[in-house]
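**Q** Pasting model.cif below, which is mmCIF, C-alpha atoms (C1' of nucleotides).
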```cif
data_my_file
loop_
_atom_site.label_atom_id
_atom_site.label_comp_id
_atom_site.auth_asym_id
_atom_site.auth_seq_id
_atom_site.Cartn_x
_atom_site.Cartn_y
_atom_site.Cartn_z
CA MET U 1 16.34 -44.58 39.09
CA THR U 2 12.64 -44.02 38.83
CA LEU U 3 10.64 -40.82 39.08
CA ARG U 4 8.47 -40.01 42.01
CA ALA U 5 4.75 -40.47 41.50
CA ASP U 6 3.91 -36.78 41.12
CA ALA U 7 6.78 -36.27 38.72
CA ARG U 8 5.64 -39.13 36.55
CA ARG U 9 2.13 -37.72 36.52
CA ASN U 10 3.46 -34.33 35.50
CA VAL U 11 5.68 -35.64 32.73
CA GLU U 12 2.71 -37.37 31.21
CA GLY U 13 0.49 -34.34 31.64
CA ILE U 14 3.05 -32.08 30.03
CA ARG U 15 3.52 -34.43 27.13
CA ARG U 16 -0.20 -34.54 26.50
CA ALA U 17 -0.55 -30.77 26.84
CA ALA U 18 2.37 -30.18 24.50
CA LEU U 19 0.87 -32.50 21.94
CA ASP U 20 -2.37 -30.62 22.13
CA VAL U 21 -0.95 -27.13 22.11
CA PHE U 22 1.70 -27.83 19.47
CA ARG U 23 -0.91 -29.37 17.21
CA THR U 24 -2.97 -26.24 17.06
CA GLY U 25 -0.30 -23.60 17.41
CA GLY U 26 2.88 -25.07 16.04
CA LEU U 27 6.18 -25.77 17.69
CA THR U 28 6.80 -22.16 18.61
CA THR U 29 3.96 -21.76 21.05
CA PRO U 30 5.19 -19.96 24.20
CA MET U 31 6.24 -22.28 26.98
CA ASP U 32 3.93 -20.52 29.40
CA GLU U 33 1.02 -21.64 27.33
CA VAL U 34 2.14 -25.24 27.39
CA ALA U 35 2.59 -24.92 31.14
CA ARG U 36 -0.86 -23.48 31.60
CA ALA U 37 -2.39 -26.22 29.49
CA ALA U 38 -0.61 -28.83 31.57
CA GLY U 39 -1.53 -27.22 34.86
CA VAL U 40 2.07 -26.93 36.01
CA SER U 41 4.51 -24.08 36.16
CA LYS U 42 6.93 -23.26 33.41
CA GLY U 43 9.82 -24.19 35.66
CA THR U 44 8.65 -27.78 35.83
CA ILE U 45 8.81 -28.13 32.07
CA TYR U 46 12.32 -26.77 31.96
CA HIS U 47 13.28 -29.07 34.80
CA ARG U 48 11.75 -32.17 33.22
CA PHE U 49 12.49 -31.62 29.54
CA GLY U 50 15.31 -29.15 29.52
CA GLY U 51 13.48 -26.57 27.44
CA ARG U 52 11.55 -26.45 24.20
CA ARG U 53 13.95 -28.61 22.33
CA GLY U 54 13.71 -31.54 24.69
CA LEU U 55 9.96 -31.19 24.79
CA ILE U 56 9.77 -31.34 21.03
CA ASP U 57 11.93 -34.43 20.98
CA ALA U 58 9.53 -36.02 23.40
CA VAL U 59 6.46 -35.48 21.25
CA VAL U 60 7.66 -35.24 17.69
CA ASP U 61 7.13 -38.86 16.92
CA GLU U 62 3.55 -39.00 18.05
CA LEU U 63 2.98 -35.61 16.49
CA VAL U 64 4.09 -36.16 12.95
CA ALA U 65 6.19 -39.20 12.33
CA GLU U 66 3.13 -41.39 12.11
CA ARG U 67 1.42 -38.96 9.77
CA ILE U 68 4.34 -39.00 7.42
CA ARG U 69 4.56 -42.76 7.59
CA ALA U 70 0.87 -42.89 6.67
CA ILE U 71 1.50 -40.81 3.57
CA VAL U 72 4.37 -43.01 2.57
CA ASP U 73 2.22 -46.10 3.00
CA GLU U 74 -0.53 -44.58 0.93
CA VAL U 75 1.90 -43.74 -1.84
CA GLU U 76 3.43 -47.19 -1.84
CA ALA U 77 -0.01 -48.61 -2.56
CA LEU U 78 -0.31 -46.60 -5.77
CA ASP U 79 0.80 -47.55 -9.26
CA GLY U 80 2.62 -45.40 -11.75
CA PRO U 81 5.37 -42.88 -11.15
CA LEU U 82 3.30 -39.77 -11.73
CA PRO U 83 0.38 -40.65 -9.44
CA ARG U 84 2.86 -41.67 -6.79
CA PHE U 85 4.89 -38.52 -7.09
CA GLU U 86 1.86 -36.27 -7.07
CA ALA U 87 0.12 -38.11 -4.26
CA TYR U 88 3.18 -37.76 -2.10
CA LEU U 89 3.61 -34.07 -2.69
CA ARG U 90 -0.08 -33.40 -2.21
CA GLY U 91 -0.08 -35.49 0.95
CA ILE U 92 2.83 -33.60 2.45
CA TRP U 93 1.37 -30.27 1.42
CA LEU U 94 -1.97 -31.06 3.01
CA LEU U 95 -0.26 -32.26 6.14
CA GLN U 96 1.51 -28.93 6.28
CA PHE U 97 -1.82 -27.20 6.09
CA ASP U 98 -3.57 -29.42 8.60
CA GLU U 99 -0.86 -29.55 11.23
CA PRO U 100 1.21 -26.48 11.90
CA ALA U 101 3.44 -28.61 14.07
CA ALA U 102 4.19 -31.04 11.28
CA ASN U 103 4.92 -28.07 9.15
CA ASP U 104 7.40 -26.74 11.65
CA VAL U 105 9.11 -30.09 11.68
CA LEU U 106 9.33 -30.24 7.92
CA MET U 107 10.73 -26.76 7.86
CA ARG U 108 13.17 -27.57 10.64
CA ALA U 109 11.56 -24.51 12.04
CA LEU U 110 12.97 -25.02 15.36
CA PRO U 111 15.71 -25.99 17.68
CA ASP U 112 17.03 -28.81 15.60
CA SER U 113 16.83 -31.97 17.52
CA LYS U 114 18.07 -35.36 16.52
CA PRO U 115 14.81 -37.28 15.97
CA LEU U 116 13.49 -34.31 14.10
CA SER U 117 16.32 -34.10 11.61
CA ILE U 118 16.27 -37.82 11.02
CA LEU U 119 12.61 -37.62 10.19
CA CYS U 120 13.14 -34.82 7.68
CA ASP U 121 15.98 -36.59 6.01
CA GLN U 122 14.00 -39.77 5.60
CA ALA U 123 11.12 -37.88 4.06
CA CYS U 124 13.43 -36.10 1.65
CA GLU U 125 15.10 -39.31 0.70
CA PHE U 126 11.83 -40.93 -0.17
CA ALA U 127 10.67 -37.95 -2.19
CA LEU U 128 13.85 -37.96 -4.22
CA GLY U 129 13.21 -41.56 -5.21
CA LEU U 130 9.76 -40.66 -6.43
CA LEU U 131 11.14 -37.74 -8.38
CA ARG U 132 13.75 -39.87 -10.07
CA ASP U 133 11.16 -42.43 -11.14
CA ALA U 134 8.70 -39.86 -12.40
CA GLN U 135 11.36 -38.10 -14.43
CA ALA U 136 12.63 -41.38 -15.85
CA ALA U 137 9.10 -42.06 -17.03
CA GLY U 138 8.94 -38.64 -18.66
CA ALA U 139 6.01 -37.63 -16.44
CA ILE U 140 7.76 -34.76 -14.71
CA ARG U 141 9.82 -32.05 -16.35
CA PRO U 142 13.46 -33.03 -16.43
CA ASP U 143 14.72 -29.65 -15.29
CA LEU U 144 13.13 -30.05 -11.88
CA THR U 145 16.00 -30.59 -9.47
CA PRO U 146 16.03 -32.26 -6.06
CA GLU U 147 16.67 -28.85 -4.56
CA ASP U 148 13.57 -27.58 -6.33
CA LEU U 149 11.61 -30.33 -4.69
CA THR U 150 12.86 -29.52 -1.23
CA HIS U 151 12.14 -25.94 -1.97
CA LEU U 152 8.59 -26.68 -3.08
CA ILE U 153 7.92 -28.26 0.28
CA LEU U 154 9.65 -25.52 2.19
CA GLU U 155 7.78 -22.78 0.43
CA ARG U 156 4.47 -24.48 0.82
CA GLY U 157 5.29 -24.60 4.49
CA THR U 158 5.80 -20.88 4.76
CA ILE U 159 2.57 -20.37 2.90
CA ALA U 160 0.58 -22.68 5.12
CA ARG U 161 1.99 -20.88 8.10
CA ALA U 162 1.51 -17.36 6.87
CA CYS U 163 -1.88 -17.61 5.21
CA PRO U 164 -4.12 -19.50 7.63
CA HIS U 165 -7.19 -17.67 6.39
CA GLN U 166 -7.58 -19.61 3.18
CA SER U 167 -10.01 -22.49 3.23
CA ARG U 168 -8.71 -26.00 2.94
CA SER U 169 -10.52 -26.54 -0.33
CA ASP U 170 -9.00 -23.44 -1.90
CA TYR U 171 -5.61 -24.45 -0.66
CA ASP U 172 -6.09 -27.90 -2.14
CA ARG U 173 -7.36 -26.58 -5.45
CA ARG U 174 -4.31 -24.35 -5.77
CA LEU U 175 -2.01 -27.27 -5.15
CA GLY U 176 -3.36 -28.55 -8.44
CA PHE U 177 -1.96 -25.49 -10.22
CA THR U 178 1.43 -26.04 -8.72
CA LEU U 179 1.51 -29.72 -9.60
CA ARG U 180 0.42 -28.89 -13.12
CA GLY U 181 3.46 -26.70 -13.50
CA LEU U 182 5.77 -29.60 -12.78
CA ARG U 183 4.64 -31.69 -15.74
CA PRO U 184 6.73 -31.66 -18.90
CA LEU U 185 6.03 -28.95 -21.47
CA MET S 1 5.04 27.72 9.04
CA THR S 2 8.46 26.49 8.15
CA LEU S 3 10.77 24.12 9.97
CA ARG S 4 13.89 25.22 11.66
CA ALA S 5 17.12 24.50 9.79
CA ASP S 6 18.22 21.58 11.97
CA ALA S 7 14.77 20.05 11.80
CA ARG S 8 14.71 20.25 8.04
CA ARG S 9 18.12 18.65 7.91
CA ASN S 10 16.95 15.86 10.17
CA VAL S 11 13.75 15.17 8.26
CA GLU S 12 15.75 14.72 5.11
CA GLY S 13 18.35 12.59 6.85
CA ILE S 14 15.70 10.37 8.34
CA ARG S 15 13.93 9.96 5.04
CA ARG S 16 17.14 8.94 3.37
CA ALA S 17 18.07 6.57 6.16
CA ALA S 18 14.62 5.00 6.13
CA LEU S 19 14.80 4.50 2.40
CA ASP S 20 18.11 2.80 2.81
CA VAL S 21 17.24 0.67 5.79
CA PHE S 22 13.78 -0.28 4.56
CA ARG S 23 15.18 -1.29 1.22
CA THR S 24 17.46 -3.88 2.68
CA GLY S 25 15.46 -4.96 5.70
CA GLY S 26 11.83 -4.40 4.87
CA LEU S 27 9.27 -2.14 6.43
CA THR S 28 9.48 -3.85 9.81
CA THR S 29 13.03 -2.87 10.64
CA PRO S 30 13.25 -1.65 14.25
CA MET S 31 12.95 2.08 14.62
CA ASP S 32 16.17 2.20 16.61
CA GLU S 33 17.98 1.00 13.58
CA VAL S 34 16.51 3.68 11.39
CA ALA S 35 17.43 6.21 14.04
CA ARG S 36 20.99 4.96 14.24
CA ALA S 37 21.32 5.07 10.46
CA ALA S 38 20.04 8.62 10.44
CA GLY S 39 22.26 9.69 13.30
CA VAL S 40 19.36 10.97 15.39
CA SER S 41 17.50 9.58 18.35
CA LYS S 42 14.39 7.48 18.08
CA GLY S 43 12.37 10.22 19.69
CA THR S 44 13.08 12.56 16.81
CA ILE S 45 11.58 10.14 14.33
CA TYR S 46 8.45 9.75 16.39
CA HIS S 47 8.26 13.49 16.76
CA ARG S 48 8.75 14.21 13.06
CA PHE S 49 6.84 11.37 11.47
CA GLY S 50 4.51 10.18 14.18
CA GLY S 51 5.82 6.63 14.20
CA ARG S 52 6.50 3.90 11.69
CA ARG S 53 3.31 4.44 9.80
CA GLY S 54 3.99 8.05 9.01
CA LEU S 55 7.55 7.24 8.09
CA ILE S 56 6.38 4.62 5.63
CA ASP S 57 3.95 7.05 4.09
CA ALA S 58 6.81 9.45 3.62
CA VAL S 59 8.98 7.01 1.69
CA VAL S 60 6.63 4.51 0.10
CA ASP S 61 6.35 6.33 -3.15
CA GLU S 62 10.05 6.61 -3.77
CA LEU S 63 10.47 3.11 -2.45
CA VAL S 64 8.08 1.13 -4.59
CA ALA S 65 5.46 3.10 -6.42
CA GLU S 66 7.88 3.96 -9.17
CA ARG S 67 9.01 0.34 -9.43
CA ILE S 68 5.47 -0.83 -9.87
CA ARG S 69 4.77 1.86 -12.39
CA ALA S 70 7.81 0.69 -14.30
CA ILE S 71 6.47 -2.83 -14.46
CA VAL S 72 3.13 -1.59 -15.67
CA ASP S 73 4.80 0.47 -18.39
CA GLU S 74 6.84 -2.48 -19.47
CA VAL S 75 3.76 -4.65 -19.72
CA GLU S 76 1.85 -2.06 -21.66
CA ALA S 77 4.55 -2.16 -24.29
CA LEU S 78 4.00 -5.86 -24.91
CA ASP S 79 1.63 -7.53 -27.30
CA GLY S 80 -0.61 -10.51 -26.63
CA PRO S 81 -2.58 -11.34 -23.52
CA LEU S 82 -0.37 -14.20 -22.35
CA PRO S 83 2.98 -12.42 -22.60
CA ARG S 84 1.45 -9.42 -20.88
CA PHE S 85 -0.04 -11.48 -18.09
CA GLU S 86 3.09 -13.47 -17.52
CA ALA S 87 5.40 -10.48 -17.74
CA TYR S 88 3.36 -8.68 -15.14
CA LEU S 89 3.34 -11.55 -12.68
CA ARG S 90 7.00 -12.23 -13.18
CA GLY S 91 7.79 -8.56 -12.77
CA ILE S 92 5.91 -8.31 -9.51
CA TRP S 93 7.40 -11.54 -8.24
CA LEU S 94 10.92 -10.39 -8.99
CA LEU S 95 10.24 -7.06 -7.38
CA GLN S 96 9.16 -8.95 -4.28
CA PHE S 97 12.43 -10.78 -4.30
CA ASP S 98 14.59 -7.76 -4.97
CA GLU S 99 12.99 -5.37 -2.55
CA PRO S 100 11.75 -6.63 0.77
CA ALA S 101 10.14 -3.28 1.32
CA ALA S 102 8.11 -3.52 -1.87
CA ASN S 103 7.11 -6.94 -0.77
CA ASP S 104 5.89 -5.63 2.54
CA VAL S 105 3.83 -3.06 0.72
CA LEU S 106 2.28 -5.63 -1.57
CA MET S 107 1.47 -7.81 1.37
CA ARG S 108 0.08 -4.88 3.32
CA ALA S 109 2.47 -6.26 5.86
CA LEU S 110 2.27 -3.27 7.95
CA PRO S 111 0.45 -0.43 9.57
CA ASP S 112 -1.93 0.23 6.74
CA SER S 113 -1.52 3.71 5.53
CA LYS S 114 -3.51 5.49 2.88
CA PRO S 115 -0.97 5.84 0.06
CA LEU S 116 0.06 2.26 0.64
CA SER S 117 -3.42 0.82 0.25
CA ILE S 118 -4.13 2.87 -2.81
CA LEU S 119 -1.00 1.54 -4.39
CA CYS S 120 -1.97 -2.06 -3.69
CA ASP S 121 -5.44 -1.61 -5.01
CA GLN S 122 -4.22 -0.08 -8.23
CA ALA S 123 -1.82 -2.94 -8.77
CA CYS S 124 -4.54 -5.51 -8.15
CA GLU S 125 -6.93 -3.74 -10.47
CA PHE S 126 -4.42 -3.80 -13.27
CA ALA S 127 -3.60 -7.44 -12.73
CA LEU S 128 -7.25 -8.41 -12.89
CA GLY S 129 -7.58 -6.77 -16.29
CA LEU S 130 -4.65 -8.78 -17.57
CA LEU S 131 -6.16 -11.96 -16.17
CA ARG S 132 -9.48 -11.30 -17.83
CA ASP S 133 -7.85 -10.74 -21.21
CA ALA S 134 -5.63 -13.78 -20.96
CA GLN S 135 -8.53 -16.00 -20.04
CA ALA S 136 -10.69 -14.57 -22.80
CA ALA S 137 -7.95 -15.53 -25.22
CA GLY S 138 -7.82 -19.04 -23.82
CA ALA S 139 -4.21 -18.61 -22.76
CA ILE S 140 -4.78 -19.04 -19.02
CA ARG S 141 -6.85 -21.75 -17.38
CA PRO S 142 -10.39 -20.56 -16.87
CA ASP S 143 -10.65 -21.84 -13.32
CA LEU S 144 -8.05 -19.37 -12.08
CA THR S 145 -9.99 -16.82 -10.05
CA PRO S 146 -9.08 -13.26 -9.17
CA GLU S 147 -8.63 -14.40 -5.59
CA ASP S 148 -6.18 -17.02 -6.81
CA LEU S 149 -4.21 -14.29 -8.48
CA THR S 150 -4.06 -12.16 -5.37
CA HIS S 151 -3.09 -15.22 -3.48
CA LEU S 152 -0.31 -16.08 -5.90
CA ILE S 153 1.25 -12.70 -5.24
CA LEU S 154 0.72 -12.91 -1.51
CA GLU S 155 2.25 -16.32 -1.24
CA ARG S 156 5.21 -15.42 -3.37
CA GLY S 157 5.68 -12.57 -0.95
CA THR S 158 5.87 -14.83 2.05
CA ILE S 159 8.31 -17.03 0.18
CA ALA S 160 10.56 -14.17 -0.81
CA ARG S 161 10.55 -13.02 2.77
CA ALA S 162 11.10 -16.40 4.39
CA CYS S 163 13.63 -17.95 2.02
CA PRO S 164 16.23 -15.29 1.36
CA HIS S 165 18.95 -17.88 0.88
CA GLN S 166 17.91 -18.93 -2.61
CA SER S 167 19.73 -17.29 -5.46
CA ARG S 168 17.90 -14.92 -7.70
CA SER S 169 18.36 -17.15 -10.69
CA ASP S 170 16.89 -20.16 -8.91
CA TYR S 171 14.01 -18.06 -7.72
CA ASP S 172 13.43 -16.85 -11.25
CA ARG S 173 13.66 -20.31 -12.75
CA ARG S 174 11.07 -21.58 -10.30
CA LEU S 175 8.70 -18.80 -11.24
CA GLY S 176 8.62 -20.49 -14.60
CA PHE S 177 7.18 -23.63 -13.01
CA THR S 178 4.47 -21.66 -11.32
CA LEU S 179 3.54 -19.79 -14.47
CA ARG S 180 3.46 -23.03 -16.38
CA GLY S 181 0.84 -24.31 -13.99
CA LEU S 182 -1.50 -21.48 -14.85
CA ARG S 183 -1.78 -22.36 -18.53
CA PRO S 184 -4.80 -24.33 -19.73
CA LEU S 185 -4.62 -28.10 -19.59
"C1'" DT W 1 24.12 38.69 22.49
"C1'" DA W 2 19.81 37.86 25.07
"C1'" DG W 3 15.85 35.66 25.26
"C1'" DC W 4 12.31 33.01 23.23
"C1'" DT W 5 10.80 29.13 20.76
"C1'" DT W 6 11.59 24.98 18.41
"C1'" DC W 7 13.81 20.74 18.48
"C1'" DT W 8 16.32 16.80 20.19
"C1'" DT W 9 17.72 13.73 23.50
"C1'" DG W 10 18.02 9.52 26.08
"C1'" DA W 11 16.31 7.70 29.98
"C1'" DC W 12 12.03 5.71 31.01
"C1'" DC W 13 7.65 2.68 30.74
"C1'" DA W 14 5.27 -1.25 28.79
"C1'" DT W 15 4.91 -5.81 26.54
"C1'" DG W 16 6.01 -10.46 25.77
"C1'" DG W 17 8.85 -14.07 25.63
"C1'" DA W 18 13.11 -17.26 27.26
"C1'" DG W 19 15.23 -19.19 30.85
"C1'" DT W 20 16.83 -19.70 36.21
"C1'" DC W 21 16.77 -20.71 41.10
"C1'" DA W 22 16.05 -20.20 46.22
"C1'" DA W 23 12.49 -21.46 48.94
"C1'" DG W 24 8.59 -24.00 49.90
"C1'" DT W 25 5.76 -28.45 49.18
"C1'" DA W 26 4.86 -33.24 48.86
"C1'" DC W 27 6.17 -37.93 48.36
"C1'" DT W 28 8.36 -42.20 50.20
"C1'" DG W 29 10.85 -45.38 53.01
"C1'" DC W 30 11.70 -46.52 57.43
"C1'" DG R 1 4.33 -40.31 61.47
"C1'" DC R 2 8.85 -38.44 60.76
"C1'" DA R 3 13.03 -37.37 58.29
"C1'" DG R 4 15.02 -36.64 54.27
"C1'" DT R 5 15.06 -36.09 49.58
"C1'" DA R 6 12.76 -35.25 45.15
"C1'" DC R 7 9.93 -32.06 43.07
"C1'" DT R 8 7.50 -27.78 42.04
"C1'" DT R 9 6.75 -23.08 42.23
"C1'" DG R 10 6.53 -18.31 40.73
"C1'" DA R 11 8.98 -14.46 41.20
"C1'" DC R 12 13.11 -13.03 39.13
"C1'" DT R 13 16.57 -11.67 35.34
"C1'" DC R 14 17.48 -10.72 30.64
"C1'" DC R 15 16.56 -9.30 25.98
"C1'" DA R 16 14.25 -6.94 22.17
"C1'" DT R 17 10.89 -4.09 20.68
"C1'" DG R 18 7.38 -0.05 20.53
"C1'" DG R 19 6.45 4.10 22.25
"C1'" DT R 20 6.59 8.70 25.55
"C1'" DC R 21 8.20 12.97 27.68
"C1'" DA R 22 10.64 16.33 30.85
"C1'" DA R 23 14.75 18.61 30.54
"C1'" DG R 24 18.35 20.47 28.12
"C1'" DA R 25 20.46 22.09 23.45
"C1'" DA R 26 20.20 24.69 19.37
"C1'" DG R 27 18.63 28.01 16.13
"C1'" DC R 28 16.34 32.36 15.19
"C1'" DT R 29 15.12 37.27 15.78
"C1'" DA R 30 15.61 41.78 17.37
#
```
What does this structure look like when you write it as structure tokens?

**A**
Amino acid sequence: MTLRADARRNVEGIRRAALDVFRTGGLTTPMDEVARAAGVSKGTIYHRFGGRRGLIDAVVDELVAERIRAIVDEVEALDGPLPRFEAYLRGIWLLQFDEPAANDVLMRALPDSKPLSILCDQACEFALGLLRDAQAAGAIRPDLTPEDLTHLILERGTIARACPHQSRSDYDRRLGFTLRGLRPL
Amino acid sequence: MTLRADARRNVEGIRRAALDVFRTGGLTTPMDEVARAAGVSKGTIYHRFGGRRGLIDAVVDELVAERIRAIVDEVEALDGPLPRFEAYLRGIWLLQFDEPAANDVLMRALPDSKPLSILCDQACEFALGLLRDAQAAGAIRPDLTPEDLTHLILERGTIARACPHQSRSDYDRRLGFTLRGLRPL
DNA sequence: TAGCTTCTTGACCATGGAGTCAAGTACTGC
DNA sequence: GCAGTACTTGACTCCATGGTCAAGAAGCTA
């Protein structure tokens, strides 16, 4: 069963508006704002997507999955466990700064939805591999646990969210301090 | 002009309740909750303290000033720029973990009030002195700026607030990573 | 204890956001 | 172009919070 023409138009409009609004304001932006941006009423969004959660599911892939895949690709092209490990972390951390929405996803900030959790788990998985390799090579301190790693990403997320006033270059420079602290003594 | 007996009783009760409630929930705890804890109505608090801000002013000293002073004293008793610097940071960071209210103060989370700002500024001042000494001794990387230092405290504050699930010992252990990243290369 | 003054109460207003639904609008097939 | 159904609307409810104030309760003084 296919949607009526106006409904199809609206679904697309809402998706595009959500993408736009979520990108700048994160996944918690009020639904009214999404509705306004899409030029429809809030009710239509609830009717079409069943609330915030469904809406997120509908845009999460375009929103962040490709960004994360890009980081992974970039890392795969590098040589050496330490550069790979550090490039990945830095990439994720910068993504968290650049895209509040991606950050929300990484932090499972919101109404957990299936595609969202899958994405997170894949990212974690990959990171753990990098950690293992870097530690095996003696390039990262051995007392850094997988939970620490998850935590490093989580905490960077809260920082990116809570301190939006810092410039990107300062943020980036400070990432260097943090990475430095993960090397062996 | 002196307060009536019941009023005096209430003021004390409210102060004690605020201390208690703020300690566990931070300076943003709903006023209704403070009122309930004190066994009075919300209106009484507004009448007696003029709102959250006044209430904070009334308890901030007992709440955190003495804790910060304790850290300063402890640091003063140490020898060597690096131990002093690191002990101070660690002390503040642990305080942020232990006392959400202290954290709120440090982060100027709330209705700025005079005593609160003064407290923050004093703490910053002191920290900057420690930083200067540690850098002069070559024990801390020279590219760490005073703003970085402020930021390190601020961001630890958001972390302590946002990730209350981590155990104190994990939190503490991870502080070690961060400190390690501040040493020279 | 009466009467005055201080104090407290809790119902009330405002804000801002989530989520719902009866009624009205617009598309589509015949 | 009409009927019938799909779709949209926006006003509504609900909840949590900050904050106010007229009316009633309580303490104090003579």

**Q** Box in all listed atoms of stretch 9-12 of chain W, axis-aligned, with 8 Å more on each side; write out centre and edge lengths in Å to one decimal as lines of an AutoDock Vina configuration file.

**A**
```
center_x = 15.0
center_y = 9.7
center_z = 27.3
size_x = 22.0
size_y = 24.0
size_z = 23.5
```

**Q** Kindly determine which residues of chain S lie within 12 Å of chain R, considering all atoms listed in the file, and give the answer as a ChimeraX atom specification.

**A** /S:3-8,28-33,42-47,50-52

**Q** For the selection just defined, write its residues with C-alpha atoms to a file, as a PDB file, in the coordinates of the input.

**A**
```pdb
ATOM      1  CA  LEU S   3      10.770  24.120   9.970  1.00  0.00           C
ATOM      2  CA  ARG S   4      13.890  25.220  11.660  1.00  0.00           C
ATOM      3  CA  ALA S   5      17.120  24.500   9.790  1.00  0.00           C
ATOM      4  CA  ASP S   6      18.220  21.580  11.970  1.00  0.00           C
ATOM      5  CA  ALA S   7      14.770  20.050  11.800  1.00  0.00           C
ATOM      6  CA  ARG S   8      14.710  20.250   8.040  1.00  0.00           C
ATOM      7  CA  THR S  28       9.480  -3.850   9.810  1.00  0.00           C
ATOM      8  CA  THR S  29      13.030  -2.870  10.640  1.00  0.00           C
ATOM      9  CA  PRO S  30      13.250  -1.650  14.250  1.00  0.00           C
ATOM     10  CA  MET S  31      12.950   2.080  14.620  1.00  0.00           C
ATOM     11  CA  ASP S  32      16.170   2.200  16.610  1.00  0.00           C
ATOM     12  CA  GLU S  33      17.980   1.000  13.580  1.00  0.00           C
ATOM     13  CA  LYS S  42      14.390   7.480  18.080  1.00  0.00           C
ATOM     14  CA  GLY S  43      12.370  10.220  19.690  1.00  0.00           C
ATOM     15  CA  THR S  44      13.080  12.560  16.810  1.00  0.00           C
ATOM     16  CA  ILE S  45      11.580  10.140  14.330  1.00  0.00           C
ATOM     17  CA  TYR S  46       8.450   9.750  16.390  1.00  0.00           C
ATOM     18  CA  HIS S  47       8.260  13.490  16.760  1.00  0.00           C
ATOM     19  CA  GLY S  50       4.510  10.180  14.180  1.00  0.00           C
ATOM     20  CA  GLY S  51       5.820   6.630  14.200  1.00  0.00           C
ATOM     21  CA  ARG S  52       6.500   3.900  11.690  1.00  0.00           C
TER      22      ARG S  52
END
```

**Q** Can you work out which one of S:Ala102, S:Asp148, S:Leu185, S:Ile14 has the shortest atom-to-atom distance to U:Asp172, counting only C-alpha atoms?

**A**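 Answer, going by the shortest atom-to-atom distance: S:Asp148.
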
**Q** List as a JSON list (two decimals) with C-alpha atoms, in the frame of the given file the protein and nucleic acid residues near U:Leu149, meaning an atom at most 9 Å away when all atoms listed in the file are counted, but skip any in the same chain fewer than 4 places from it.

**A**
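This is the output file part-v5.json:
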```
[["chain", "number", "residue", "atom", "x", "y", "z"],
["U", 124, "CYS", "CA", 13.43, -36.10, 1.65],
["U", 127, "ALA", "CA", 10.67, -37.95, -2.19],
["U", 128, "LEU", "CA", 13.85, -37.96, -4.22],
["U", 131, "LEU", "CA", 11.14, -37.74, -8.38],
["U", 144, "LEU", "CA", 13.13, -30.05, -11.88],
["U", 145, "THR", "CA", 16.00, -30.59, -9.47],
["U", 153, "ILE", "CA", 7.92, -28.26, 0.28],
["U", 154, "LEU", "CA", 9.65, -25.52, 2.19]]
```

**Q** Evaluate the PyMOL selection byres ((chain U) within 6 of (chain S)) and record the selected residues as a list in words, following the chain and residue labels used in the document.

**A**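 After applying the PyMOL selection byres ((chain U) within 6 of (chain S)), what remains is Glu155, Ile159, Phe177, Thr178, Arg180 and Gly181 of chain U.
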
**Q** Residues of chain W within 8 Å of chain S, using all atoms listed in the file, as a list in words?

**A**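 In the required form, that comes to DT6, DC7, DT8, DT9 and DG10 of chain W.
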